file data_1.cif (mmCIF, C-alpha atoms)
data_work
loop_
_atom_site.label_atom_id
_atom_site.label_comp_id
_atom_site.auth_asym_id
_atom_site.auth_seq_id
_atom_site.Cartn_x
_atom_site.Cartn_y
_atom_site.Cartn_z
CA MET U 1 -174.56 -100.87 -7.57
CA THR U 2 -174.99 -101.32 -11.29
CA GLN U 3 -175.45 -104.91 -12.29
CA ARG U 4 -173.26 -105.96 -15.20
CA ARG U 5 -175.30 -107.11 -18.19
CA GLU U 6 -174.34 -110.52 -19.49
CA PRO U 7 -173.82 -110.76 -23.26
CA ARG U 8 -176.85 -112.04 -25.11
CA PRO U 9 -176.46 -115.63 -26.37
CA ALA U 10 -175.91 -115.86 -30.11
CA ALA U 11 -178.96 -116.80 -32.16
CA PRO U 12 -178.98 -120.38 -33.52
CA LEU U 13 -178.51 -119.11 -37.11
CA ASP U 14 -175.49 -117.03 -36.07
CA GLN U 15 -174.01 -120.12 -34.45
CA GLU U 16 -174.62 -122.20 -37.58
CA LEU U 17 -173.03 -119.55 -39.78
CA ALA U 18 -170.04 -119.24 -37.46
CA ALA U 19 -169.54 -122.99 -37.80
CA LEU U 20 -169.64 -122.76 -41.61
CA GLY U 21 -166.03 -122.69 -42.75
CA TRP U 22 -166.62 -120.54 -45.86
CA TYR U 23 -168.83 -117.90 -44.22
CA HIS U 24 -167.05 -114.53 -43.92
CA ASP U 25 -169.17 -112.34 -41.66
CA ASN U 26 -167.49 -108.94 -41.99
CA LEU U 27 -166.07 -109.23 -45.49
CA THR U 28 -167.02 -106.39 -47.87
CA ARG U 29 -167.57 -106.71 -51.59
CA HIS U 30 -164.23 -105.21 -52.61
CA ALA U 31 -162.30 -107.32 -50.12
CA ALA U 32 -164.11 -110.46 -51.33
CA GLU U 33 -163.14 -109.63 -54.91
CA ALA U 34 -159.51 -109.01 -53.95
CA LEU U 35 -159.41 -112.23 -51.93
CA LEU U 36 -160.94 -114.44 -54.60
CA LEU U 37 -159.00 -112.90 -57.49
CA SER U 38 -155.62 -113.06 -55.75
CA ASN U 39 -155.92 -116.37 -53.88
CA GLY U 40 -158.93 -118.16 -55.36
CA GLN U 41 -159.47 -119.97 -58.64
CA ASP U 42 -162.23 -120.42 -61.21
CA GLY U 43 -165.23 -121.70 -59.23
CA SER U 44 -164.13 -120.41 -55.80
CA TYR U 45 -166.96 -118.99 -53.71
CA LEU U 46 -167.79 -117.67 -50.26
CA LEU U 47 -170.82 -116.47 -48.31
CA ARG U 48 -170.88 -113.15 -46.48
CA LYS U 49 -173.34 -110.79 -44.83
CA SER U 50 -174.97 -108.13 -46.98
CA ASN U 51 -175.17 -104.53 -45.78
CA GLU U 52 -178.37 -103.92 -47.73
CA ARG U 53 -180.83 -105.67 -45.40
CA GLU U 54 -180.70 -107.83 -42.33
CA ASP U 55 -182.28 -110.75 -44.20
CA LEU U 56 -179.78 -110.73 -47.09
CA TYR U 57 -176.51 -112.55 -47.58
CA SER U 58 -174.12 -112.34 -50.52
CA LEU U 59 -172.66 -115.26 -52.42
CA SER U 60 -169.42 -114.07 -54.06
CA VAL U 61 -168.23 -116.33 -56.87
CA ARG U 62 -165.05 -116.13 -58.94
CA GLY U 63 -165.18 -116.77 -62.67
CA LYS U 64 -162.13 -116.87 -64.92
CA ASP U 65 -161.25 -113.19 -64.58
CA SER U 66 -164.01 -111.58 -62.49
CA VAL U 67 -166.10 -112.01 -59.35
CA LYS U 68 -169.91 -112.07 -59.43
CA HIS U 69 -172.18 -111.40 -56.45
CA PHE U 70 -175.60 -112.99 -55.89
CA HIS U 71 -178.25 -112.47 -53.23
CA VAL U 72 -179.21 -115.23 -50.81
CA GLU U 73 -182.35 -114.24 -48.89
CA TYR U 74 -183.19 -115.51 -45.42
CA THR U 75 -186.96 -115.46 -44.79
CA GLY U 76 -186.76 -116.35 -41.11
CA THR U 77 -187.55 -120.01 -41.76
CA SER U 78 -185.81 -120.74 -45.08
CA PHE U 79 -183.18 -119.56 -47.55
CA LYS U 80 -183.99 -118.43 -51.11
CA PHE U 81 -181.45 -118.57 -53.90
CA GLY U 82 -182.69 -117.98 -57.43
CA PHE U 83 -185.80 -120.11 -57.92
CA ASN U 84 -184.80 -122.55 -55.18
CA GLU U 85 -185.82 -122.46 -51.53
CA PHE U 86 -184.05 -124.39 -48.78
CA SER U 87 -185.58 -125.15 -45.39
CA SER U 88 -182.30 -124.87 -43.49
CA LEU U 89 -178.73 -123.65 -43.78
CA LYS U 90 -177.60 -127.28 -43.81
CA GLU U 91 -179.79 -127.97 -46.85
CA LEU U 92 -178.40 -124.90 -48.63
CA VAL U 93 -174.82 -125.98 -47.87
CA MET U 94 -175.52 -129.52 -49.11
CA HIS U 95 -176.88 -128.07 -52.35
CA PHE U 96 -173.70 -126.07 -52.92
CA ALA U 97 -171.67 -129.20 -52.13
CA ASN U 98 -173.21 -130.76 -55.27
CA GLN U 99 -171.36 -128.14 -57.37
CA PRO U 100 -174.34 -126.35 -58.94
CA LEU U 101 -173.95 -124.32 -62.10
CA ILE U 102 -175.02 -120.70 -61.80
CA GLY U 103 -175.06 -117.86 -64.27
CA SER U 104 -176.07 -114.24 -64.51
CA GLU U 105 -178.14 -112.29 -66.98
CA THR U 106 -174.89 -111.11 -68.56
CA GLY U 107 -174.30 -114.71 -69.69
CA THR U 108 -171.47 -115.75 -67.37
CA LEU U 109 -171.66 -119.43 -66.35
CA ILE U 110 -169.74 -120.66 -63.30
CA VAL U 111 -169.61 -124.04 -61.57
CA LEU U 112 -169.32 -123.69 -57.78
CA LYS U 113 -166.34 -125.93 -57.09
CA HIS U 114 -164.21 -124.54 -54.25
CA PRO U 115 -165.61 -123.06 -51.03
CA TYR U 116 -163.11 -120.41 -49.90
CA PRO U 117 -162.26 -120.93 -46.23
CA ARG U 118 -162.63 -118.12 -43.73
CA GLN U 119 -158.97 -117.17 -42.32
CA VAL U 120 -164.06 -106.92 -48.99
CA GLU U 121 -168.31 -102.51 -49.80
CA GLU U 122 -171.57 -104.04 -50.85
CA PRO U 123 -172.59 -103.61 -54.51
CA SER U 124 -175.62 -101.45 -55.17
CA ILE U 125 -176.70 -103.71 -58.03
CA TYR U 126 -176.58 -107.49 -57.88
CA GLU U 127 -176.62 -109.93 -60.75
CA SER U 128 -179.81 -111.96 -61.01
CA VAL U 129 -179.48 -115.73 -61.04
CA ARG U 130 -180.08 -116.81 -64.62
CA VAL U 131 -179.00 -120.45 -64.56
CA HIS U 132 -178.99 -122.60 -61.46
CA THR U 133 -178.94 -126.37 -61.75
CA ALA U 134 -177.07 -129.12 -59.93
CA MET U 135 -174.26 -130.95 -61.66
CA GLN U 136 -174.89 -134.67 -62.12
CA THR U 137 -172.37 -137.44 -61.60
CA GLY U 138 -170.55 -138.33 -64.79
CA ARG U 139 -171.43 -135.12 -66.61
CA THR U 140 -169.13 -132.23 -67.38
CA GLU U 141 -169.91 -128.53 -67.50
CA SER U 142 -169.84 -128.60 -71.32
CA ASP U 143 -172.46 -131.39 -71.28
CA LEU U 144 -174.72 -129.48 -68.94
CA VAL U 145 -174.63 -125.89 -70.21
CA PRO U 146 -176.67 -126.45 -73.44
CA ASN U 147 -179.49 -128.02 -71.39
CA ALA U 148 -179.39 -125.71 -68.39
CA PRO U 149 -182.76 -124.06 -67.68
CA SER U 150 -182.91 -120.31 -68.16
CA LEU U 151 -184.42 -118.72 -65.07
CA GLY U 152 -184.12 -115.00 -65.71
CA THR U 153 -184.07 -114.85 -69.51
CA LYS U 154 -185.79 -116.75 -72.28
CA GLU U 155 -185.95 -116.67 -76.05
CA GLY U 156 -187.69 -118.57 -78.82
CA TYR U 157 -190.20 -118.44 -81.65
CA LEU U 158 -193.85 -117.67 -80.90
CA VAL U 159 -196.78 -117.00 -83.20
CA LYS U 160 -198.29 -113.54 -82.60
CA GLN U 161 -201.66 -112.14 -83.62
CA GLY U 162 -201.58 -108.80 -85.44
CA LYS U 163 -203.13 -105.68 -83.94
CA ILE U 164 -205.23 -104.45 -86.89
CA VAL U 165 -205.30 -107.42 -89.26
CA LYS U 166 -205.91 -110.41 -87.01
CA SER U 167 -203.53 -112.65 -88.92
CA TRP U 168 -200.87 -114.74 -87.18
CA LYS U 169 -197.16 -114.35 -87.84
CA THR U 170 -194.15 -116.17 -86.40
CA ARG U 171 -191.79 -113.87 -84.52
CA TRP U 172 -188.57 -114.34 -82.53
CA PHE U 173 -189.07 -113.30 -78.88
CA THR U 174 -186.42 -112.48 -76.28
CA LEU U 175 -187.02 -111.88 -72.58
CA HIS U 176 -184.31 -109.96 -70.72
CA ARG U 177 -184.72 -108.10 -67.45
CA ASN U 178 -188.09 -106.31 -67.67
CA GLU U 179 -188.37 -106.24 -71.46
CA LEU U 180 -190.03 -108.66 -73.86
CA LYS U 181 -188.87 -107.91 -77.41
CA TYR U 182 -189.97 -109.47 -80.65
CA PHE U 183 -188.11 -109.54 -83.95
CA LYS U 184 -188.97 -110.52 -87.52
CA ASP U 185 -186.75 -113.59 -87.07
CA GLN U 186 -183.76 -114.81 -85.07
CA THR U 187 -181.25 -113.09 -87.39
CA ALA U 188 -182.81 -109.62 -87.10
CA THR U 189 -180.80 -107.10 -85.07
CA GLU U 190 -183.53 -104.52 -84.44
CA PRO U 191 -186.76 -105.49 -82.64
CA ILE U 192 -190.16 -104.75 -84.11
CA ARG U 193 -191.27 -103.77 -80.64
CA ALA U 194 -190.08 -103.87 -77.02
CA LEU U 195 -192.77 -104.46 -74.41
CA ASP U 196 -192.16 -102.94 -70.97
CA LEU U 197 -193.29 -105.56 -68.46
CA THR U 198 -193.65 -102.95 -65.73
CA GLU U 199 -196.81 -101.91 -67.61
CA CYS U 200 -198.17 -105.47 -67.94
CA SER U 201 -201.00 -106.33 -65.53
CA ALA U 202 -201.49 -110.04 -66.23
CA VAL U 203 -200.20 -113.10 -68.10
CA GLN U 204 -202.57 -116.01 -68.58
CA PHE U 205 -203.57 -118.93 -70.78
CA ASP U 206 -206.02 -117.95 -73.50
CA TYR U 207 -208.69 -120.25 -74.88
CA SER U 208 -210.55 -117.72 -77.04
CA GLN U 209 -208.48 -118.40 -80.15
CA GLU U 210 -208.90 -121.20 -82.65
CA ARG U 211 -205.27 -122.08 -82.10
CA VAL U 212 -203.91 -124.16 -79.21
CA ASN U 213 -201.13 -123.45 -76.70
CA CYS U 214 -202.01 -119.75 -76.60
CA PHE U 215 -201.54 -117.18 -73.86
CA CYS U 216 -201.96 -113.45 -73.56
CA LEU U 217 -200.24 -110.45 -71.99
CA VAL U 218 -202.57 -107.71 -70.78
CA PHE U 219 -201.39 -104.11 -71.17
CA PRO U 220 -203.41 -100.91 -70.61
CA LEU U 221 -203.87 -100.18 -74.32
CA ARG U 222 -203.62 -103.65 -75.82
CA THR U 223 -203.72 -107.36 -75.10
CA TYR U 224 -201.07 -109.38 -76.95
CA TYR U 225 -202.05 -112.90 -78.03
CA LEU U 226 -199.22 -115.39 -78.48
CA CYS U 227 -199.09 -119.11 -79.25
CA ALA U 228 -196.30 -121.59 -78.59
CA LYS U 229 -195.50 -124.77 -80.46
CA THR U 230 -196.33 -126.99 -77.48
CA GLY U 231 -198.28 -126.73 -74.25
CA ILE U 232 -195.08 -127.25 -72.24
CA GLU U 233 -193.40 -124.34 -74.02
CA ALA U 234 -196.44 -122.10 -73.44
CA ASP U 235 -196.38 -123.05 -69.75
CA GLU U 236 -192.67 -122.17 -69.50
CA TRP U 237 -193.30 -118.73 -71.00
CA ILE U 238 -196.22 -118.09 -68.68
CA LYS U 239 -194.28 -119.16 -65.58
CA ILE U 240 -191.25 -116.99 -66.23
CA LEU U 241 -193.36 -113.99 -67.29
CA ARG U 242 -195.49 -114.28 -64.14
CA TRP U 243 -192.32 -114.54 -62.05
CA LYS U 244 -191.04 -111.36 -63.71
CA LEU U 245 -194.30 -109.56 -62.86
CA SER U 246 -194.11 -110.75 -59.24
CA GLN U 247 -190.55 -109.41 -58.96
CA ILE U 248 -191.61 -106.07 -60.45
CA ARG U 249 -194.48 -105.79 -57.94
CA LYS U 250 -192.19 -106.74 -55.07
CA GLN U 251 -189.67 -104.06 -56.03
CA LEU U 252 -192.45 -101.48 -56.35
CA GLU U 253 -193.86 -102.35 -52.92
CA GLU U 254 -190.39 -102.08 -51.35
CA ARG U 255 -189.81 -98.73 -53.04
CA ASN U 256 -193.18 -97.39 -51.86
CA ALA U 257 -192.51 -98.63 -48.33
CA THR U 258 -189.16 -96.85 -48.31
CA LEU U 259 -190.69 -93.60 -49.56
CA SER U 260 -193.49 -93.68 -46.98
CA SER U 261 -191.20 -94.47 -44.03
#

call {"tool": "encode", "arguments": {"input": "data_1.cif", "output": "structure tokens"}}
result
Amino acid sequence: MTQRREPRPAAPLDQELAALGWYHDNLTRHAAEALLLSNGQDGSYLLRKSNEREDLYSLSVRGKDSVKHFHVEYTGTSFKFGFNEFSSLKELVMHFANQPLIGSETGTLIVLKHPYPRQVEEPSIYESVRVHTAMQTGRTESDLVPNAPSLGTKEGYLVKQGKIVKSWKTRWFTLHRNELKYFKDQTATEPIRALDLTECSAVQFDYSQERVNCFCLVFPLRTYYLCAKTGIEADEWIKILRWKLSQIRKQLEERNATLSS
């Protein structure tokens, strides 16, 4: 006689997610967009399972006239969202309850205001979290946006050493996706050069120059020496550039693993 197999008990995380009122387990991307655009409002959001990997979830957020999708990664012991890491689902939920401001590399800024209750196809390309900071009591979105930290993009003036003539010139730098461009000044429309960060092997402080607050980017054929106005500004550039390099390496390792499997 064949013994009937009892259903396996749900994992603790599955139980926690099932208890979360704005988690939509089987909702696809297109359905989420239709739901939020037809019934939601600016700042409505929901969490759903991603079809890309078992450890990925999707945060779908409605702006004024569109829906953006962001990755939430589960490591097995914590949740990662943008630059933030949360030790539990409860901690992640509490963070969203504080109405954080998020934005994408395309410049859209959205305050998470309204969790959409549970009652649809996964995108191949997700927006990267550009701005992610908690709203503070007594402050409005317009107060916060000018001071919000840029996590995926950065721009500003740096002093750069020339390649042939080792003189120093002030240039306007912009960091977007995997490119670091520099222009003659902030008003210039065409860059002097665009540096492909996939070819950069290291970013580090540099103490070989007579100037202070300097750092360098190491490429196969050239090392670029740059100096910021302050040590804090130089540290910010180094941190975000190193994060970019770590993301590039991670994507390369995942691609190689897929090809070899």

call {"tool": "closest_residue", "arguments": {"input": "data_1.cif", "among": "U:Ala194, U:Leu252, U:Leu158, U:Val93", "to": "Leu59 of chain U", "atoms": "all atoms listed in the file"}}
result
U:Val93

call {"tool": "closest_residue", "arguments": {"input": "data_1.cif", "among": "U:His176, U:Lys154, U:His71, U:Arg193", "to": "Arg53 of chain U", "atoms": "all atoms listed in the file"}}
result
U:His71

call {"tool": "resolve_selection", "arguments": {"input": "data_1.cif", "expression": "the PyMOL selection byres ((chain U and resi 157) around 10)", "output": "list of chain:residue names"}}
result
U:Glu155, U:Gly156, U:Leu158, U:Val159, U:Lys160, U:Thr170, U:Arg171, U:Trp172, U:Phe173, U:Thr174, U:Tyr182, U:Phe183, U:Lys184, U:Asp185, U:Gln186, U:Cys227, U:Ala228, U:Lys229

call {"tool": "write_last_selection", "arguments": {"input": "data_1.cif", "atoms": "C-alpha atoms", "output": "compact mmCIF listing (two decimals), in the coordinates of the input"}}
result
# COMPACT_ATOMS: atom_id res chain seq x y z
CA GLU U 155 -185.95 -116.67 -76.05
CA GLY U 156 -187.69 -118.57 -78.82
CA LEU U 158 -193.85 -117.67 -80.90
CA VAL U 159 -196.78 -117.00 -83.20
CA LYS U 160 -198.29 -113.54 -82.60
CA THR U 170 -194.15 -116.17 -86.40
CA ARG U 171 -191.79 -113.87 -84.52
CA TRP U 172 -188.57 -114.34 -82.53
CA PHE U 173 -189.07 -113.30 -78.88
CA THR U 174 -186.42 -112.48 -76.28
CA TYR U 182 -189.97 -109.47 -80.65
CA PHE U 183 -188.11 -109.54 -83.95
CA LYS U 184 -188.97 -110.52 -87.52
CA ASP U 185 -186.75 -113.59 -87.07
CA GLN U 186 -183.76 -114.81 -85.07
CA CYS U 227 -199.09 -119.11 -79.25
CA ALA U 228 -196.30 -121.59 -78.59
CA LYS U 229 -195.50 -124.77 -80.46

call {"tool": "resolve_selection", "arguments": {"input": "data_1.cif", "expression": "the PyMOL selection byres ((chain U and resi 198) around 10)", "output": "PyMOL selection string"}}
result
chain U and resi 178-179+195-197+199-201+219+244-245+247-249+252

call {"tool": "resolve_selection", "arguments": {"input": "data_1.cif", "expression": "the PyMOL selection byres ((chain U and resi 113) around 12)", "output": "VMD selection string"}}
result
chain U and resid 40 to 46 61 to 63 95 to 102 110 to 112 114 to 116 134 to 135 141

call {"tool": "atom_distance", "arguments": {"input": "data_1.cif", "atom1": "atom CA of Val203 of chain U", "atom2": "atom CA of Thr153 of chain U"}}
result
16.3 Å

call {"tool": "closest_residue", "arguments": {"input": "data_1.cif", "among": "U:Val67, U:Leu17, U:Asn26, U:Leu37", "to": "Lys90 of chain U", "atoms": "all atoms listed in the file"}}
result
U:Leu17

call {"tool": "closest_residue", "arguments": {"input": "data_1.cif", "among": "U:Leu226, U:Tyr57, U:Tyr207, U:Glu254", "to": "Ser167 of chain U", "atoms": "all atoms listed in the file"}}
result
U:Leu226

call {"tool": "closest_residue", "arguments": {"input": "data_1.cif", "among": "U:Leu241, U:Val212, U:Leu47, U:Ile164", "to": "Arg177 of chain U", "atoms": "all atoms listed in the file"}}
result
U:Leu241

call {"tool": "residues_around", "arguments": {"input": "data_1.cif", "residues": "Phe86 of chain U", "least_positions_apart": "3", "cutoff": "12 Å", "atoms": "all atoms listed in the file", "output": "VMD selection string"}}
result
chain U and resid 72 to 83 89 to 96

call {"tool": "atom_distance", "arguments": {"input": "data_1.cif", "atom1": "atom CA of Trp243 of chain U", "atom2": "atom CA of Ser50 of chain U"}}
result
23.9 Å

call {"tool": "closest_residue", "arguments": {"input": "data_1.cif", "among": "U:Ala188, U:Thr223, U:Leu180, U:Ala257", "to": "Ile240 of chain U", "atoms": "all atoms listed in the file"}}
result
U:Leu180

call {"tool": "atom_distance", "arguments": {"input": "data_1.cif", "atom1": "atom CA of Asp55 of chain U", "atom2": "atom CA of Ala34 of chain U"}}
result
24.8 Å

call {"tool": "axis_aligned_box", "arguments": {"input": "data_1.cif", "around": "segment 21-24 of chain U", "padding_each_side": "6 Å", "output": "AutoDock Vina command-line options"}}
result
--center_x -167.4 --center_y -118.6 --center_z -44.3 --size_x 14.8 --size_y 20.2 --size_z 15.1
